[in-house]
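So this block is target29.cif, mmCIF, C-alpha atoms and all ligand atoms:
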data_upload
#
loop_
_atom_site.label_atom_id
_atom_site.label_comp_id
_atom_site.auth_asym_id
_atom_site.auth_seq_id
_atom_site.Cartn_x
_atom_site.Cartn_y
_atom_site.Cartn_z
CA ALA A 1271 -33.51 -35.79 6.61
CA ALA A 1272 -33.09 -32.51 4.74
CA LYS A 1273 -33.94 -30.71 7.97
CA ASP A 1274 -31.30 -32.69 9.85
CA ARG A 1275 -28.71 -31.86 7.27
CA GLY A 1276 -29.73 -28.23 7.51
CA LEU A 1277 -29.24 -28.19 11.26
CA GLY A 1278 -25.94 -29.95 10.88
CA LEU A 1279 -24.78 -27.28 8.49
CA ILE A 1280 -25.73 -24.51 10.88
CA GLU A 1281 -23.64 -26.16 13.58
CA VAL A 1282 -20.68 -26.40 11.28
CA PHE A 1283 -20.97 -22.72 10.34
CA ASP A 1284 -21.37 -21.69 13.99
CA ASP A 1285 -18.31 -23.63 14.92
CA ALA A 1286 -16.25 -22.09 12.15
CA ALA A 1287 -17.46 -18.60 13.06
CA SER A 1288 -16.53 -18.90 16.74
CA HIS A 1289 -13.23 -20.43 15.76
CA ARG A 1290 -12.54 -17.46 13.54
CA SER A 1291 -13.30 -14.90 16.22
CA LEU A 1292 -11.13 -16.74 18.78
CA ASP A 1293 -8.45 -16.71 16.15
CA ARG A 1294 -8.82 -12.99 15.72
CA LEU A 1295 -8.67 -12.42 19.48
CA GLY A 1296 -5.49 -14.44 19.76
CA LEU A 1297 -3.90 -12.66 16.85
CA ARG A 1298 -4.96 -9.28 18.12
CA SER A 1299 -3.20 -9.69 21.45
CA ASP A 1300 -0.15 -11.29 19.80
CA LEU A 1301 0.11 -8.24 17.56
CA LEU A 1302 0.88 -6.03 20.55
CA GLY A 1303 4.21 -7.74 21.18
CA ALA A 1304 5.14 -8.28 17.55
CA LEU A 1305 7.01 -5.02 17.12
CA GLU A 1306 9.23 -5.59 20.17
CA GLY A 1307 9.48 -9.26 19.30
CA ASP A 1308 11.09 -8.38 15.99
CA GLN A 1309 8.41 -10.30 14.06
CA PHE A 1310 7.81 -7.68 11.39
CA ALA A 1311 9.69 -7.18 8.15
CA VAL A 1312 9.19 -4.82 5.24
CA ARG A 1313 9.27 -5.94 1.61
CA TYR A 1314 9.70 -3.50 -1.26
CA GLN A 1315 7.83 -3.94 -4.52
CA PRO A 1316 9.25 -2.03 -7.52
CA ILE A 1317 7.07 0.53 -9.28
CA CYS A 1318 8.31 0.82 -12.85
CA ASP A 1319 8.05 2.79 -16.03
CA LEU A 1320 5.86 0.40 -18.03
CA GLY A 1321 7.79 1.01 -21.24
CA SER A 1322 11.43 0.85 -20.12
CA ARG A 1323 10.87 -1.16 -16.92
CA GLN A 1324 13.04 1.36 -15.10
CA VAL A 1325 12.36 1.31 -11.38
CA VAL A 1326 11.03 4.70 -10.26
CA ALA A 1327 9.92 3.80 -6.75
CA PHE A 1328 9.30 0.98 -4.29
CA GLU A 1329 6.14 0.36 -2.29
CA ALA A 1330 6.83 -0.73 1.28
CA LEU A 1331 4.67 -3.73 2.23
CA LEU A 1332 4.59 -4.99 5.79
CA ARG A 1333 5.04 -8.68 6.60
CA TRP A 1334 4.30 -10.41 9.91
CA THR A 1335 5.71 -13.81 10.75
CA HIS A 1336 3.91 -15.12 13.81
CA PRO A 1337 6.22 -17.27 15.98
CA GLN A 1338 3.74 -20.18 16.06
CA ARG A 1339 1.45 -19.63 13.08
CA GLY A 1340 3.94 -18.45 10.49
CA PRO A 1341 3.14 -15.70 7.97
CA VAL A 1342 -0.12 -13.79 8.58
CA PRO A 1343 -1.41 -11.78 5.57
CA PRO A 1344 -1.66 -7.97 5.93
CA ASP A 1345 -5.32 -8.11 4.94
CA VAL A 1346 -5.85 -10.07 8.18
CA PHE A 1347 -3.57 -8.26 10.65
CA ILE A 1348 -3.76 -4.62 9.43
CA PRO A 1349 -7.50 -4.37 10.34
CA LEU A 1350 -6.70 -5.85 13.78
CA ALA A 1351 -3.87 -3.36 14.27
CA GLU A 1352 -6.29 -0.59 13.31
CA GLU A 1353 -8.84 -1.79 15.89
CA THR A 1354 -6.30 -1.75 18.73
CA GLY A 1355 -4.43 1.37 17.65
CA ALA A 1356 -1.23 -0.68 17.29
CA ILE A 1357 -1.14 0.54 13.67
CA VAL A 1358 0.21 3.89 14.95
CA PRO A 1359 3.58 2.65 16.31
CA ILE A 1360 3.71 -0.04 13.61
CA GLY A 1361 3.15 2.57 10.88
CA HIS A 1362 5.89 4.79 12.34
CA TRP A 1363 8.24 1.81 12.27
CA VAL A 1364 7.44 1.03 8.62
CA LEU A 1365 8.16 4.65 7.65
CA GLU A 1366 11.44 4.58 9.61
CA GLN A 1367 12.57 1.37 7.89
CA SER A 1368 11.53 2.66 4.48
CA CYS A 1369 13.42 5.95 4.88
CA ARG A 1370 16.51 4.04 6.02
CA GLU A 1371 16.39 1.85 2.90
CA LEU A 1372 15.72 4.85 0.68
CA ALA A 1373 18.83 6.56 2.08
CA ARG A 1374 20.80 3.41 1.30
CA TRP A 1375 19.47 3.14 -2.27
CA SER A 1376 20.18 6.78 -3.10
CA GLY A 1377 23.63 6.48 -1.55
CA ARG A 1378 24.47 3.73 -4.01
CA THR A 1379 23.28 5.40 -7.18
CA GLY A 1380 23.12 9.00 -8.21
CA LYS A 1381 19.62 8.30 -9.45
CA ARG A 1382 16.50 9.48 -7.78
CA ILE A 1383 14.26 6.85 -6.34
CA ARG A 1384 11.10 7.18 -4.28
CA VAL A 1385 9.47 5.11 -1.58
CA ASN A 1386 5.72 4.70 -1.15
CA VAL A 1387 4.44 3.91 2.34
CA ASN A 1388 0.86 2.94 3.15
CA LEU A 1389 -0.87 5.18 5.68
CA SER A 1390 -3.88 3.89 7.60
CA PRO A 1391 -6.89 6.18 8.03
CA VAL A 1392 -6.48 5.49 11.76
CA GLN A 1393 -3.00 7.06 11.63
CA LEU A 1394 -4.40 10.08 9.81
CA GLN A 1395 -6.71 10.73 12.73
CA GLN A 1396 -3.84 11.07 15.22
CA PRO A 1397 -3.52 14.68 16.37
CA HIS A 1398 0.29 14.89 16.13
CA LEU A 1399 0.69 12.72 13.05
CA ALA A 1400 2.26 15.29 10.75
CA ARG A 1401 4.92 16.32 13.28
CA GLU A 1402 5.78 12.70 14.11
CA LEU A 1403 6.06 11.60 10.49
CA LEU A 1404 8.11 14.65 9.56
CA ASP A 1405 10.49 13.94 12.46
CA ILE A 1406 11.04 10.43 11.14
CA VAL A 1407 11.67 11.63 7.59
CA GLN A 1408 13.97 14.48 8.66
CA ARG A 1409 16.01 12.30 11.04
CA SER A 1410 16.63 9.86 8.19
CA GLY A 1411 18.10 12.58 6.01
CA VAL A 1412 16.07 11.64 2.92
CA ASP A 1413 14.46 14.28 0.75
CA PRO A 1414 10.80 14.52 1.89
CA GLY A 1415 9.89 14.89 -1.79
CA ASP A 1416 10.99 11.29 -2.33
CA VAL A 1417 8.47 9.95 0.17
CA CYS A 1418 4.92 9.24 -0.95
CA LEU A 1419 2.15 8.28 1.45
CA GLU A 1420 -0.56 5.98 0.07
CA VAL A 1421 -4.01 6.71 1.50
CA THR A 1422 -7.36 5.05 0.91
CA GLU A 1423 -10.71 6.78 0.91
CA HIS A 1424 -12.82 6.55 4.03
CA SER A 1425 -16.15 8.19 4.58
CA TYR A 1426 -15.35 9.18 8.16
CA LEU A 1427 -12.24 11.10 7.19
CA ARG A 1428 -12.80 14.71 6.28
CA ASP A 1429 -11.78 18.15 7.45
CA ASP A 1430 -10.04 16.89 10.58
CA VAL A 1431 -7.36 15.20 8.51
CA THR A 1432 -6.97 17.81 5.80
CA GLU A 1433 -4.76 19.84 8.13
CA SER A 1434 -2.25 17.01 8.75
CA ALA A 1435 -2.23 16.26 5.05
CA ALA A 1436 -1.64 19.92 4.18
CA VAL A 1437 1.28 20.14 6.64
CA LEU A 1438 2.87 17.00 5.19
CA ARG A 1439 2.24 18.17 1.64
CA SER A 1440 3.82 21.57 2.24
CA ALA A 1441 6.87 19.84 3.77
CA GLY A 1442 7.26 18.18 0.38
CA LEU A 1443 5.77 14.71 0.89
CA HIS A 1444 3.52 13.34 -1.82
CA PHE A 1445 0.20 11.52 -1.57
CA ALA A 1446 -1.17 8.68 -3.66
CA LEU A 1447 -4.80 7.57 -3.61
CA ASP A 1448 -4.61 3.78 -3.28
CA ASP A 1449 -7.09 1.23 -4.71
CA PHE A 1450 -8.64 4.03 -6.76
CA GLY A 1451 -12.14 3.32 -7.99
CA THR A 1452 -13.14 0.83 -5.32
CA SER A 1453 -14.88 3.25 -2.96
CA TYR A 1454 -17.92 5.44 -3.49
CA SER A 1455 -16.12 8.56 -2.35
CA SER A 1456 -13.11 8.36 -4.68
CA LEU A 1457 -13.91 11.42 -6.76
CA ASN A 1458 -15.01 13.44 -3.78
CA TYR A 1459 -11.65 12.78 -2.15
CA LEU A 1460 -9.85 14.42 -5.03
CA LYS A 1461 -11.57 17.70 -4.17
CA TRP A 1462 -10.16 18.17 -0.71
CA PHE A 1463 -7.18 15.88 -0.25
CA PRO A 1464 -3.80 16.93 -1.73
CA ILE A 1465 -3.36 13.94 -4.06
CA ASP A 1466 -0.47 13.68 -6.57
CA LEU A 1467 -0.94 10.14 -7.83
CA LEU A 1468 -3.75 7.66 -8.46
CA LYS A 1469 -3.22 3.94 -8.07
CA VAL A 1470 -5.66 2.03 -10.28
CA ASP A 1471 -6.95 -0.90 -8.27
CA ARG A 1472 -5.89 -4.32 -9.47
CA SER A 1473 -9.51 -5.43 -9.84
CA PHE A 1474 -9.63 -3.20 -12.97
CA VAL A 1475 -6.09 -3.93 -14.13
CA GLY A 1476 -6.84 -7.66 -14.00
CA GLY A 1477 -9.48 -7.30 -16.70
CA VAL A 1478 -7.91 -4.60 -18.82
CA ALA A 1479 -6.88 -6.98 -21.62
CA VAL A 1480 -10.14 -8.96 -21.73
CA SER A 1481 -13.00 -6.80 -20.51
CA ASP A 1482 -14.35 -3.73 -22.35
CA THR A 1483 -15.76 -2.49 -19.06
CA ASP A 1484 -12.46 -2.70 -17.18
CA ARG A 1485 -10.61 -1.11 -20.08
CA GLY A 1486 -13.21 1.67 -20.21
CA ILE A 1487 -12.83 2.30 -16.48
CA VAL A 1488 -9.04 2.47 -16.72
CA ARG A 1489 -9.33 4.84 -19.69
CA ALA A 1490 -11.66 7.06 -17.64
CA VAL A 1491 -9.26 7.06 -14.67
CA LEU A 1492 -6.44 8.11 -16.98
CA ALA A 1493 -8.61 10.94 -18.34
CA ILE A 1494 -9.40 12.18 -14.82
CA ALA A 1495 -5.71 12.00 -13.90
CA ASP A 1496 -4.78 13.87 -17.05
CA SER A 1497 -7.21 16.72 -16.47
CA LEU A 1498 -6.16 17.04 -12.81
CA ARG A 1499 -2.45 16.61 -13.68
CA LEU A 1500 -2.01 13.52 -11.53
CA GLY A 1501 0.30 10.59 -12.16
CA VAL A 1502 -1.15 7.08 -12.49
CA ILE A 1503 0.23 3.74 -11.29
CA ALA A 1504 -1.51 0.52 -12.39
CA GLU A 1505 -1.52 -2.04 -9.56
CA GLY A 1506 -1.32 -5.81 -9.93
CA VAL A 1507 0.09 -6.00 -13.48
CA GLU A 1508 0.44 -9.74 -14.03
CA THR A 1509 0.70 -10.32 -17.80
CA GLU A 1510 2.45 -8.90 -20.87
CA GLU A 1511 -0.99 -8.34 -22.45
CA GLN A 1512 -2.01 -6.13 -19.53
CA ARG A 1513 1.25 -4.20 -19.76
CA ALA A 1514 0.74 -3.64 -23.52
CA VAL A 1515 -2.87 -2.47 -23.15
CA LEU A 1516 -1.99 -0.17 -20.25
CA MET A 1517 0.82 1.44 -22.26
CA ASP A 1518 -1.51 1.78 -25.21
CA LEU A 1519 -4.01 3.61 -23.01
CA GLY A 1520 -1.24 5.98 -21.90
CA CYS A 1521 -0.56 4.66 -18.39
CA ALA A 1522 3.05 5.52 -17.52
CA TRP A 1523 3.73 3.41 -14.45
CA GLY A 1524 2.93 -0.02 -13.13
CA GLN A 1525 3.53 -2.42 -10.32
CA GLY A 1526 2.83 -6.13 -10.16
CA ASN A 1527 4.16 -9.63 -10.21
CA LEU A 1528 4.95 -9.42 -13.94
CA LEU A 1529 7.54 -6.75 -13.16
CA SER A 1530 8.63 -7.98 -9.74
CA ILE A 1531 7.21 -9.44 -6.56
CA PRO A 1532 7.97 -7.51 -3.32
CA LEU A 1533 11.72 -7.79 -2.55
CA THR A 1534 13.85 -8.02 0.58
CA PRO A 1535 15.81 -4.82 1.35
CA ASP A 1536 19.01 -6.48 0.09
CA ASP A 1537 17.45 -7.60 -3.19
CA ALA A 1538 15.98 -4.14 -3.71
CA ALA A 1539 19.38 -2.55 -3.06
CA GLU A 1540 21.02 -4.97 -5.46
CA LEU A 1541 18.46 -4.26 -8.17
CA ILE A 1542 19.14 -0.53 -7.85
CA ALA A 1543 22.91 -0.92 -7.80
CA ASP A 1544 23.13 -3.44 -10.65
CA ARG A 1545 20.75 -2.44 -13.37
CA HIS A 1546 17.98 -0.27 -12.01
CA SER A 1547 15.73 -1.78 -14.60
CA LEU A 1548 13.83 -5.06 -14.65
CA ALA A 1549 14.67 -7.27 -17.60
CA ALA A 1550 11.81 -8.82 -19.55
CA SER A 1551 11.27 -12.36 -18.31
P1 LIG B 1601 -2.03 -2.24 -1.25
O1 LIG B 1601 -1.44 -1.03 -0.60
O2 LIG B 1601 -3.03 -2.01 -2.32
O3 LIG B 1601 -0.77 -3.07 -1.77
C1 LIG B 1601 -0.75 -3.82 -2.96
C2 LIG B 1601 -1.03 -5.27 -2.71
O4 LIG B 1601 -1.08 -5.97 -3.94
C3 LIG B 1601 0.06 -5.97 -1.89
O5 LIG B 1601 -0.57 -6.96 -1.09
C4 LIG B 1601 0.90 -6.64 -2.98
O6 LIG B 1601 1.68 -7.72 -2.50
C5 LIG B 1601 -0.19 -7.08 -3.91
N1 LIG B 1601 0.29 -7.31 -5.27
C6 LIG B 1601 1.30 -6.72 -5.93
N2 LIG B 1601 1.42 -7.17 -7.19
C7 LIG B 1601 0.45 -8.08 -7.36
C8 LIG B 1601 0.04 -8.90 -8.47
O7 LIG B 1601 0.61 -8.87 -9.56
N3 LIG B 1601 -1.04 -9.71 -8.26
C9 LIG B 1601 -1.68 -9.77 -7.07
N4 LIG B 1601 -2.73 -10.60 -6.95
N5 LIG B 1601 -1.33 -9.00 -6.00
C10 LIG B 1601 -0.28 -8.17 -6.15
P2 LIG B 1601 -0.14 -7.23 0.42
O8 LIG B 1601 1.34 -7.03 0.56
O9 LIG B 1601 -0.74 -8.53 0.83
O10 LIG B 1601 -0.85 -6.05 1.22
C11 LIG B 1601 -2.24 -5.96 1.26
C12 LIG B 1601 -2.69 -4.63 1.79
O11 LIG B 1601 -2.32 -4.49 3.16
C13 LIG B 1601 -2.06 -3.43 1.07
O12 LIG B 1601 -2.73 -3.19 -0.15
C14 LIG B 1601 -2.27 -2.35 2.10
O13 LIG B 1601 -3.59 -1.86 2.04
C15 LIG B 1601 -2.09 -3.12 3.40
N6 LIG B 1601 -0.72 -2.90 3.91
C16 LIG B 1601 0.44 -3.54 3.62
N7 LIG B 1601 1.49 -3.01 4.29
C17 LIG B 1601 0.99 -1.98 5.02
C18 LIG B 1601 1.56 -1.01 5.94
O14 LIG B 1601 2.78 -0.94 6.19
N8 LIG B 1601 0.68 -0.12 6.52
C19 LIG B 1601 -0.66 -0.13 6.25
N9 LIG B 1601 -1.44 0.77 6.88
N10 LIG B 1601 -1.22 -0.99 5.40
C20 LIG B 1601 -0.41 -1.91 4.78
MG MG B 1602 -0.62 0.64 -1.25
MG MG B 1603 -3.65 -0.84 -3.69
MG MG B 1604 -5.34 -2.35 -0.63
#
In structure tokens, what does this structure look like?
Amino acid sequence: AAKDRGLGLIEVFDDAASHRSLDRLGLRSDLLGALEGDQFAVRYQPICDLGSRQVVAFEALLRWTHPQRGPVPPDVFIPLAEETGAIVPIGHWVLEQSCRELARWSGRTGKRIRVNVNLSPVQLQQPHLARELLDIVQRSGVDPGDVCLEVTEHSYLRDDVTESAAVLRSAGLHFALDDFGTSYSSLNYLKWFPIDLLKVDRSFVGGVAVSDTDRGIVRAVLAIADSLRLGVIAEGVETEEQRAVLMDLGCAWGQGNLLSIPLTPDDAAELIADRHSLAAS
């Protein structure tokens, strides 16, 4: 009987697995028309001074609403867009939208605000990437120094992308190393990529108030940032305890649901125009 149950289980798993890959195939082809079909939107999550809660920047986060299936999470569709190459035009579109919003925010206040846009390693491999991104930024009229590209470490990226990065960096754009600490090559990356900011992954931030290990890791990241003169943003700040510990450790900036969830462009504009700072809840 145990054997029967075992076989039954295998069938169930097989079924689920083939279902999942069909699902991926369907989504992958649907993704190709999503840009023209107006199915994407960008949300903007505030990045704040942890002490004053002043908004210093927004991270642009892509959202896809599938006409039949509803919202599809980025962790599902971004890898598919990377496989097909669709991430290249999609990424250009996200930067265009973000620069347009940034121009609108700065028009409303005299204050300086930045926008952070995620850049896929697949985009970084495109031969004309730097020129294309610079065209988008320059056409929008925003100061290139107010645009920060968030990159993640990948073992297959090396010298071929350093040139694009150097061109973008010398035009004034900034780079942040996203999800810092989650990949084996993190430290190596700092040697050859022009990084200005580290984003501490939320897997460490989540434990900072309760785990000596997580707190020790965050303290070490802050020490590395300090000696290399890099800024640090803590990702996924969800509680007041985490905010207090992070400030205590000397982390200047944070982002997370405690401060604000990702906002529509209108809500982001309103936040900037009204108070520019997120009240304690
Ligand atoms: P990421 O760049 O590390 O973005 C931060 C993620 O953490 C976002 O997930 C955000 O919604 C989530 N987050 C923020 N605060 C909290 C919190 O307090 N708690 C928790 N649990 N999560 C929080 P999201 O929007 O689902 O995006 C997931 C990933 O998809 C991003 O991770 C990024 O790697 C990728 N992504 C999103 N938009 C783009 C894009 O335009 N281009 C590219 N290439 N990748 C993107
Ligand atoms: Mg990011
Ligand atoms: Mg991240
Ligand atoms: Mg991520």
All residues within 10 Å of ligand MG 1604 (chain B) are required, counting only C-alpha atoms and all ligand atoms; please report them as a count of residues only. 14
Which residues are near Leu1301 in chain A? Cut-off 10 Å, all atoms listed in the file, ignore same chain within fewer than 4 positions. Put them as an MDAnalysis selection string. chainID A and resid 1295:1297 1305:1307 1309:1310 1334 1336 1347:1348 1350:1351 1354 1356:1357 1360
Determine, counting all atoms listed in the file, which protein, DNA and RNA residues have an atom within 9 Å of an atom of Asp1466 in chain A; residues of the same chain fewer than 6 positions away are not included. Present the result as a PyMOL selection string. chain A and resi 1418+1444-1447+1499-1502
Any idea what the distance is between CA of Ser1453 in chain A and atom C17 of ligand LIG 1601 (chain B)?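 Result for CA of Ser1453 in chain A versus atom C17 of ligand LIG 1601 (chain B): 18.5 Å, one decimal.
Nearest-residue note for ligand MG 1602 (chain B): choosing from A:Gly1506, A:Gly1377, A:Gly1486, A:Gly1340, the minimum distance belongs to A:Gly1506, counting only C-alpha atoms and all ligand atoms.
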Box for ligand LIG 1601 (chain B) - axis-aligned, 4 Å on each of the six sides, all listed atoms - centre and size in Å to one decimal, as AutoDock Vina command-line options.
--center_x -0.4 --center_y -4.9 --center_z -1.3 --size_x 14.4 --size_y 19.4 --size_z 24.4
Which residue, A:Val1326, A:Leu1302, A:Ile1317, A:Val1437, has the smallest gap to ligand LIG 1601 (chain B) when you use all atoms listed in the file? A:Ile1317
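Separating CA of Pro1349 in chain A from CA of Ala1311 in chain A is a distance of 17.6 Å.
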List every protein, DNA or RNA residue that has an atom no more than 9 Å from (-3.7, 5.1, 5.7) in the file's coordinate frame, counting all atoms listed in the file, and report them as a compact mmCIF listing (two decimals) with C-alpha atoms, in the coordinates of the input.
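Now in part-v2.txt:
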# COMPACT_ATOMS: atom_id res chain seq x y z
CA GLY A 1361 3.15 2.57 10.88
CA VAL A 1387 4.44 3.91 2.34
CA ASN A 1388 0.86 2.94 3.15
CA LEU A 1389 -0.87 5.18 5.68
CA SER A 1390 -3.88 3.89 7.60
CA PRO A 1391 -6.89 6.18 8.03
CA VAL A 1392 -6.48 5.49 11.76
CA GLN A 1393 -3.00 7.06 11.63
CA LEU A 1394 -4.40 10.08 9.81
CA LEU A 1419 2.15 8.28 1.45
CA GLU A 1420 -0.56 5.98 0.07
CA VAL A 1421 -4.01 6.71 1.50
CA THR A 1422 -7.36 5.05 0.91
CA GLU A 1423 -10.71 6.78 0.91
Residues within 10 Å of (10.1, -2.2, -0.4), file coordinates, counting all atoms listed in the file: what are they? Give the list as a PyMOL selection string. chain A and resi 1311-1317+1327-1332+1364+1367-1368+1371-1372+1385-1387+1531-1539
For the residues in that selection, give me C-alpha atoms as a PDB file, keeping the file's coordinate frame.
ATOM      1  CA  ALA A1311       9.690  -7.180   8.150  1.00  0.00           C
ATOM      2  CA  VAL A1312       9.190  -4.820   5.240  1.00  0.00           C
ATOM      3  CA  ARG A1313       9.270  -5.940   1.610  1.00  0.00           C
ATOM      4  CA  TYR A1314       9.700  -3.500  -1.260  1.00  0.00           C
ATOM      5  CA  GLN A1315       7.830  -3.940  -4.520  1.00  0.00           C
ATOM      6  CA  PRO A1316       9.250  -2.030  -7.520  1.00  0.00           C
ATOM      7  CA  ILE A1317       7.070   0.530  -9.280  1.00  0.00           C
ATOM      8  CA  ALA A1327       9.920   3.800  -6.750  1.00  0.00           C
ATOM      9  CA  PHE A1328       9.300   0.980  -4.290  1.00  0.00           C
ATOM     10  CA  GLU A1329       6.140   0.360  -2.290  1.00  0.00           C
ATOM     11  CA  ALA A1330       6.830  -0.730   1.280  1.00  0.00           C
ATOM     12  CA  LEU A1331       4.670  -3.730   2.230  1.00  0.00           C
ATOM     13  CA  LEU A1332       4.590  -4.990   5.790  1.00  0.00           C
ATOM     14  CA  VAL A1364       7.440   1.030   8.620  1.00  0.00           C
ATOM     15  CA  GLN A1367      12.570   1.370   7.890  1.00  0.00           C
ATOM     16  CA  SER A1368      11.530   2.660   4.480  1.00  0.00           C
ATOM     17  CA  GLU A1371      16.390   1.850   2.900  1.00  0.00           C
ATOM     18  CA  LEU A1372      15.720   4.850   0.680  1.00  0.00           C
ATOM     19  CA  VAL A1385       9.470   5.110  -1.580  1.00  0.00           C
ATOM     20  CA  ASN A1386       5.720   4.700  -1.150  1.00  0.00           C
ATOM     21  CA  VAL A1387       4.440   3.910   2.340  1.00  0.00           C
ATOM     22  CA  ILE A1531       7.210  -9.440  -6.560  1.00  0.00           C
ATOM     23  CA  PRO A1532       7.970  -7.510  -3.320  1.00  0.00           C
ATOM     24  CA  LEU A1533      11.720  -7.790  -2.550  1.00  0.00           C
ATOM     25  CA  THR A1534      13.850  -8.020   0.580  1.00  0.00           C
ATOM     26  CA  PRO A1535      15.810  -4.820   1.350  1.00  0.00           C
ATOM     27  CA  ASP A1536      19.010  -6.480   0.090  1.00  0.00           C
ATOM     28  CA  ASP A1537      17.450  -7.600  -3.190  1.00  0.00           C
ATOM     29  CA  ALA A1538      15.980  -4.140  -3.710  1.00  0.00           C
ATOM     30  CA  ALA A1539      19.380  -2.550  -3.060  1.00  0.00           C
TER      31      ALA A1539
END
Using Å and a single decimal, report how far CA of Leu1467 in chain A sits from CA of Ile1494 in chain A. 11.2 Å
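The residue that comes closest to ligand MG 1603 (chain B), out of A:Asp1484, A:Ser1497, A:Gly1380, A:Ser1473 and on the basis of all atoms listed in the file, is A:Ser1473.
Of the residues listed (A:Asp1308, A:Leu1516, A:Arg1298, A:Glu1508), A:Leu1516 shows the shortest atom-to-atom separation from Arg1489 in chain A; distances use only C-alpha atoms.
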Skipping near chain neighbours, those fewer than 5 positions away, what residues fall within 8 Å of Met1517 in chain A using only C-alpha atoms, listed as number ranges by chain? A: 1320-1321, 1522
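Distance annotation: of A:Gly1442, A:Gly1524, A:Pro1341, A:Pro1359, the residue with the minimal separation from ligand MG 1603 (chain B) is A:Gly1524; atom set is all atoms listed in the file.
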